[in-house]
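Chemist: One structure follows; several queries about it will come next.
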Amino acid sequence: MKLAVVWFKRDLRLSDHAPLTQAVQWAQSVGATVLGAYLLEPSQLAHRDMARQHLGFALETWVSLSNEAGALGLPCSVLHGEAVDVFSRLKSAGTEMRIYSHEETGHWESFQRDIAVRRWCDTHAVQWIESPNNAVVRRLSDRDRWSAIWAQRMQSEPLPVPVFAALPRPSAELMRLLHQALDAQWLTHINMPGIPSSCELADSRQLQTLLANCMPDAPADKLSRQRGGHKLAWDLLHSFANGRGREYRSAMSSPITAESACSRISPHLAIGSISIRQAAHWVWAQRAAGIEDAQWRASLKSFESRLHWHCHFIQKLESEPQLEWRNAHRLYDGLRNEGELTPQESERLQAWAQARTGVPMIDACMRMLQTSGWVNFRMRAMLVSFASYHLWLHWTHTAPVLARHFLDYEPGIHYPQFQMQSGVTGINTIRIYNPVKQALDQDPDGEFIARWIPELAHLPPAHRAAPWLAGADLLGQGLSGDQYPKPIVDVEQAGRDARDRVWAVRKKPESRSVAAAVYEKHGSRNPQREGRPAPAKSAAGKASRGKRKASLQGELDFSAPEQMDLFSDE
DNA sequence: AGTGCAGTTGACTTT
DNA sequence: TAAAGTCAACTGCAC
């Protein structure tokens, strides 16, 4: 008896899924049965970055995949247990087994889990065939070549949903063996005739027990987060194209306009209900139709570049998984406290995480995130900047907090971004966001602050960005410490202090050579972004400045590469 | 009309 | 997708 297990990880889709396609091909050639499996692994669910919303979104996506797959004739099941354990049980059903999956770029524990699975497969005569994920390259030796690989991978046609009809149905004998091997409680809601459907999955007592064990302290799922399922992902792209995204490029910066002008497909990309290649082909199809509107054209271009950057960041974690817990540029080690928090640090971390820093734009963005699981990129960068610079907290303490809040949490984007926004990569410009300036720029009417911090809504709009500057007469009218806190730091002073401390490291003579090594391994080689000569100016003084700049370009220019950063697609 | 000057703008540099 | 600082050109206005 032959069995091909398609191990779905963060690639919950049926189309453009190479492992699934390959499994079906093999199964047809040797008469094997294909089983689609989604694993709920206690050790992975217990990771500090995981929250119930992630599992909720994943299961919604899985249910839609599983129902469609069932209708097409592919049996799918959720299997509970550690990966090696689950595969051992499947193998013990006496099958000749193969595992098909994508290469996963995840956090350290998933990396270790994959090593363990690989070792188990090698010693148990099980073939595990992994396919590359999007444009991420395993064992990339030369960063210079990466952009070309991205283009090559993206340009090939997305794979269609395989035809399952010709596959042998799982025999009663196989089903009996699987049930026996997995034990009834390990095999949940297989989508085959006569077996309960998966729609009650998220409410099942089994799952609640599992969650209670793995995430005992996790807050409840977010009620107003986006919902999962590949159909919803495509709906988002359609509404984006039908007007919502027209002003994407100019509207993505303000949290007010970004909410609807951004594509919002990022959670779907994170769980893989749509592939980067599918999204890229969608963009190109829009463009092929011819675009009259300059604004929409610019927005689409902007959107496409984010698909590129998505993989660019994940590639960093793929190439150096230690980035999850170690600075890219080791000279920054020890700058902030990585160990146990002092009581003061702990208080600052709590205030930030609980949206009571007393700095309205920070707290407003954190509250939006807490409620919905999403805020636009610029505001995410500001939240990280504030924690890392003004509050002087090490990113290893703050990254898990936002990981649990981001519905679109993607480890490969999250950690490189946290390092970048904390100024510890050495190859990126140090960006210290001023939350008061951001409030005035992105929320000039104080509308966003009033929405998320009703305690401040009675203040005149001009005072909402920095209520501590408001006169005593205004403060007396109900704005007091017991309603909305005073700022826990002096924003101006803390920003200056942080800048001085980070630049002190950056200016050390040995810093430059380490940065060069970081750039060699991780830096962006996008020719459109880098080494572009400044446009020549006519005036003599400007020409001489231009010349000076040009002469510097032979050296490693730390400000040009990596100028464009993002947490996720917006 | 031309000059001096404070204030503004924009390009560019520094941190 | 930073923010602050520098510098020169420009502007509006008073005289």
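Convention: chains lettered A, B, ... in structure tokens order; per-chain residue numbering from 1; ligands numbered from 1 as shown.
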Starting from chain A, keep only residues with some atom at most 7 Å from an atom of chain C, counting only C-alpha atoms (C1' of nucleotides), and report them as a ChimeraX atom specification.
Modeler: /A:378,431-433
Chemist: Save the residues we just selected, all heavy atoms, as a PDB file, in the first residue's frame?
Modeler:
```pdb
ATOM      1  N   ARG A 378       3.810  51.997   8.017  1.00  0.00           N
ATOM      2  CA  ARG A 378       4.501  53.139   8.632  1.00  0.00           C
ATOM      3  C   ARG A 378       4.246  53.186  10.135  1.00  0.00           C
ATOM      4  O   ARG A 378       5.146  53.466  10.924  1.00  0.00           O
ATOM      5  CB  ARG A 378       4.058  54.450   7.974  1.00  0.00           C
ATOM      6  CG  ARG A 378       4.728  55.677   8.547  1.00  0.00           C
ATOM      7  CD  ARG A 378       4.177  56.942   7.904  1.00  0.00           C
ATOM      8  NE  ARG A 378       4.910  57.309   6.724  1.00  0.00           N
ATOM      9  CZ  ARG A 378       5.985  58.109   6.734  1.00  0.00           C
ATOM     10  NH1 ARG A 378       6.426  58.590   7.874  1.00  0.00           N
ATOM     11  NH2 ARG A 378       6.596  58.401   5.634  1.00  0.00           N
ATOM     12  N   ARG A 431      16.402  55.224  11.529  1.00  0.00           N
ATOM     13  CA  ARG A 431      15.170  56.004  11.413  1.00  0.00           C
ATOM     14  C   ARG A 431      14.486  56.047  12.770  1.00  0.00           C
ATOM     15  O   ARG A 431      13.927  55.047  13.212  1.00  0.00           O
ATOM     16  CB  ARG A 431      14.222  55.374  10.408  1.00  0.00           C
ATOM     17  CG  ARG A 431      14.759  55.289   8.994  1.00  0.00           C
ATOM     18  CD  ARG A 431      13.706  54.647   8.079  1.00  0.00           C
ATOM     19  NE  ARG A 431      14.318  54.121   6.877  1.00  0.00           N
ATOM     20  CZ  ARG A 431      14.663  54.863   5.836  1.00  0.00           C
ATOM     21  NH1 ARG A 431      14.445  56.165   5.856  1.00  0.00           N
ATOM     22  NH2 ARG A 431      15.225  54.315   4.777  1.00  0.00           N
ATOM     23  N   ILE A 432      14.533  57.210  13.368  1.00  0.00           N
ATOM     24  CA  ILE A 432      13.850  57.390  14.646  1.00  0.00           C
ATOM     25  C   ILE A 432      12.597  58.209  14.371  1.00  0.00           C
ATOM     26  O   ILE A 432      12.688  59.393  14.051  1.00  0.00           O
ATOM     27  CB  ILE A 432      14.767  58.085  15.672  1.00  0.00           C
ATOM     28  CG1 ILE A 432      16.036  57.252  15.873  1.00  0.00           C
ATOM     29  CG2 ILE A 432      14.028  58.284  16.989  1.00  0.00           C
ATOM     30  CD1 ILE A 432      17.070  57.894  16.789  1.00  0.00           C
ATOM     31  N   TYR A 433      11.461  57.547  14.456  1.00  0.00           N
ATOM     32  CA  TYR A 433      10.204  58.237  14.171  1.00  0.00           C
ATOM     33  C   TYR A 433       9.793  59.087  15.360  1.00  0.00           C
ATOM     34  O   TYR A 433       9.832  58.616  16.497  1.00  0.00           O
ATOM     35  CB  TYR A 433       9.088  57.226  13.864  1.00  0.00           C
ATOM     36  CG  TYR A 433       9.234  56.488  12.556  1.00  0.00           C
ATOM     37  CD1 TYR A 433      10.180  55.495  12.393  1.00  0.00           C
ATOM     38  CD2 TYR A 433       8.400  56.801  11.482  1.00  0.00           C
ATOM     39  CE1 TYR A 433      10.308  54.815  11.193  1.00  0.00           C
ATOM     40  CE2 TYR A 433       8.516  56.124  10.277  1.00  0.00           C
ATOM     41  CZ  TYR A 433       9.469  55.133  10.142  1.00  0.00           C
ATOM     42  OH  TYR A 433       9.582  54.463   8.953  1.00  0.00           O
TER      43      TYR A 433
END
```
Chemist: Could you write out as a PyMOL selection string the residues of chain A within 8 Å of chain B, counting only C-alpha atoms (C1' of nucleotides)?
Modeler: chain A and resi 499-500+503
Chemist: Pull the helix (DSSP H, G or I) assignments for segment 331-422 of chain A out of DSSP run on the backbone, and list those residues as a ChimeraX atom specification.
Modeler: /A:331-332,343-353,360-372,377-390,395-405,411-421
Chemist: Please, could you write that set of residues out with C-alpha atoms as a tab-separated table (two decimals), in the first residue's frame?
Modeler:
```
chain	number	residue	atom	x	y	z
A	331	LEU	CA	28.80	45.25	17.42
A	332	TYR	CA	25.34	46.34	18.61
A	343	PRO	CA	11.54	46.89	36.94
A	344	GLN	CA	11.73	50.17	35.02
A	345	GLU	CA	12.12	48.40	31.68
A	346	SER	CA	9.35	46.03	32.55
A	347	GLU	CA	7.05	48.96	33.30
A	348	ARG	CA	7.95	50.62	29.99
A	349	LEU	CA	7.35	47.37	28.08
A	350	GLN	CA	3.98	46.88	29.74
A	351	ALA	CA	2.93	50.47	29.07
A	352	TRP	CA	3.84	50.08	25.40
A	353	ALA	CA	2.16	46.69	25.02
A	360	PRO	CA	-1.39	59.34	21.75
A	361	MET	CA	-0.26	58.23	18.29
A	362	ILE	CA	1.61	55.27	19.79
A	363	ASP	CA	-1.30	54.18	21.94
A	364	ALA	CA	-3.86	54.74	19.18
A	365	CYS	CA	-1.92	52.52	16.77
A	366	MET	CA	-1.43	49.86	19.40
A	367	ARG	CA	-5.15	49.84	20.14
A	368	MET	CA	-6.03	49.49	16.47
A	369	LEU	CA	-3.65	46.57	16.31
A	370	GLN	CA	-5.03	44.97	19.45
A	371	THR	CA	-8.53	45.19	18.08
A	372	SER	CA	-8.07	44.28	14.44
A	377	PHE	CA	3.41	49.64	7.71
A	378	ARG	CA	4.50	53.14	8.63
A	379	MET	CA	2.70	52.94	11.94
A	380	ARG	CA	4.25	49.54	12.65
A	381	ALA	CA	7.66	51.04	12.03
A	382	MET	CA	6.79	53.87	14.38
A	383	LEU	CA	5.67	51.46	17.11
A	384	VAL	CA	8.93	49.52	16.87
A	385	SER	CA	11.01	52.68	16.68
A	386	PHE	CA	9.37	54.05	19.80
A	387	ALA	CA	9.94	50.84	21.76
A	388	SER	CA	13.53	50.45	20.60
A	389	TYR	CA	14.67	54.07	20.76
A	390	HIS	CA	12.50	56.13	23.07
A	395	TRP	CA	13.87	44.02	20.19
A	396	THR	CA	13.94	40.46	21.53
A	397	HIS	CA	11.51	41.62	24.23
A	398	THR	CA	9.18	43.56	21.96
A	399	ALA	CA	9.08	41.41	18.80
A	400	PRO	CA	6.92	38.63	20.31
A	401	VAL	CA	4.35	41.20	21.51
A	402	LEU	CA	3.73	42.46	17.98
A	403	ALA	CA	4.07	38.96	16.52
A	404	ARG	CA	1.03	37.93	18.54
A	405	HIS	CA	-0.88	41.03	17.44
A	411	PRO	CA	8.70	35.25	10.86
A	412	GLY	CA	10.92	35.96	7.87
A	413	ILE	CA	9.62	39.50	7.60
A	414	HIS	CA	9.10	40.13	11.29
A	415	TYR	CA	12.59	39.59	12.64
A	416	PRO	CA	14.66	41.26	9.93
A	417	GLN	CA	12.25	44.20	10.17
A	418	PHE	CA	12.52	44.45	13.93
A	419	GLN	CA	16.28	44.52	13.65
A	420	MET	CA	16.15	47.11	10.92
A	421	GLN	CA	13.74	49.40	12.79
```
Chemist: Looking only at the backbone, which of the residues in segment 81-255 of chain A does DSSP tag as strand (DSSP E or B), as a PDB file with C-alpha atoms, in the first residue's frame?
Modeler:
```
ATOM      1  CA  GLU A  96       5.155   2.855   1.603  1.00  0.00           C
ATOM      2  CA  MET A  97       5.061   6.532   2.406  1.00  0.00           C
ATOM      3  CA  ARG A  98       6.264   9.716   0.826  1.00  0.00           C
ATOM      4  CA  ILE A  99       5.952  13.232   2.240  1.00  0.00           C
ATOM      5  CA  TYR A 100       5.598  16.261  -0.014  1.00  0.00           C
ATOM      6  CA  SER A 101       5.887  19.803   1.343  1.00  0.00           C
ATOM      7  CA  HIS A 102       7.210  23.288   0.739  1.00  0.00           C
ATOM      8  CA  GLN A 127      11.169  10.131   1.073  1.00  0.00           C
ATOM      9  CA  TRP A 128      10.454  13.735   1.992  1.00  0.00           C
ATOM     10  CA  ILE A 129      10.378  15.880  -1.112  1.00  0.00           C
ATOM     11  CA  GLU A 130      10.518  19.613  -0.422  1.00  0.00           C
ATOM     12  CA  SER A 131       9.791  22.326  -2.995  1.00  0.00           C
ATOM     13  CA  LEU A 187      -7.467  11.992  13.088  1.00  0.00           C
ATOM     14  CA  THR A 188      -9.915  14.835  13.030  1.00  0.00           C
TER      15      THR A 188
END
```
Chemist: How many Å separate atom CA of Lys301 of chain A from atom CA of Trp146 of chain A?
Modeler: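 Distance between the two atoms: 20.1 Å.
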Chemist: So, with only C-alpha atoms as the atoms that count, which of A:Glu103, A:Asp142, A:Asp114, A:Glu455 lies closest to Arg525 of chain A?
Modeler: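 Checking each candidate against Arg525 of chain A, we get A:Asp142 as the closest.
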Chemist: For Ala462 of chain A, find every residue with an atom within 9 Å (counting only C-alpha atoms (C1' of nucleotides)), except residues of its own chain fewer than 6 positions away, and show them as JSON, numbers by chain.
Modeler: {"A": [440, 444, 445, 446]}
Chemist: For the residues in the current selection, export C-alpha atoms as a PDB file, in the first residue's frame.
Modeler:
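The resulting file, again.pdb, is reproduced below:
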```
ATOM      1  CA  LEU A 440       0.576  65.779  12.754  1.00  0.00           C
ATOM      2  CA  PRO A 444      -3.673  66.246  10.900  1.00  0.00           C
ATOM      3  CA  ASP A 445      -7.251  66.517  12.149  1.00  0.00           C
ATOM      4  CA  GLY A 446      -6.713  64.278  15.142  1.00  0.00           C
TER       5      GLY A 446
END
```
Chemist: Separation of atom CA of Gly229 of chain A and atom CA of Ala279 of chain A, in Å?
Modeler: 15.2 Å
Chemist: One decimal, Å: what's the distance from atom CA of Ala261 of chain A over to atom CA of Gln315 of chain A, could you say?
Modeler: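 Atom-to-atom, atom CA of Ala261 of chain A and atom CA of Gln315 of chain A are spaced 27.4 Å apart.
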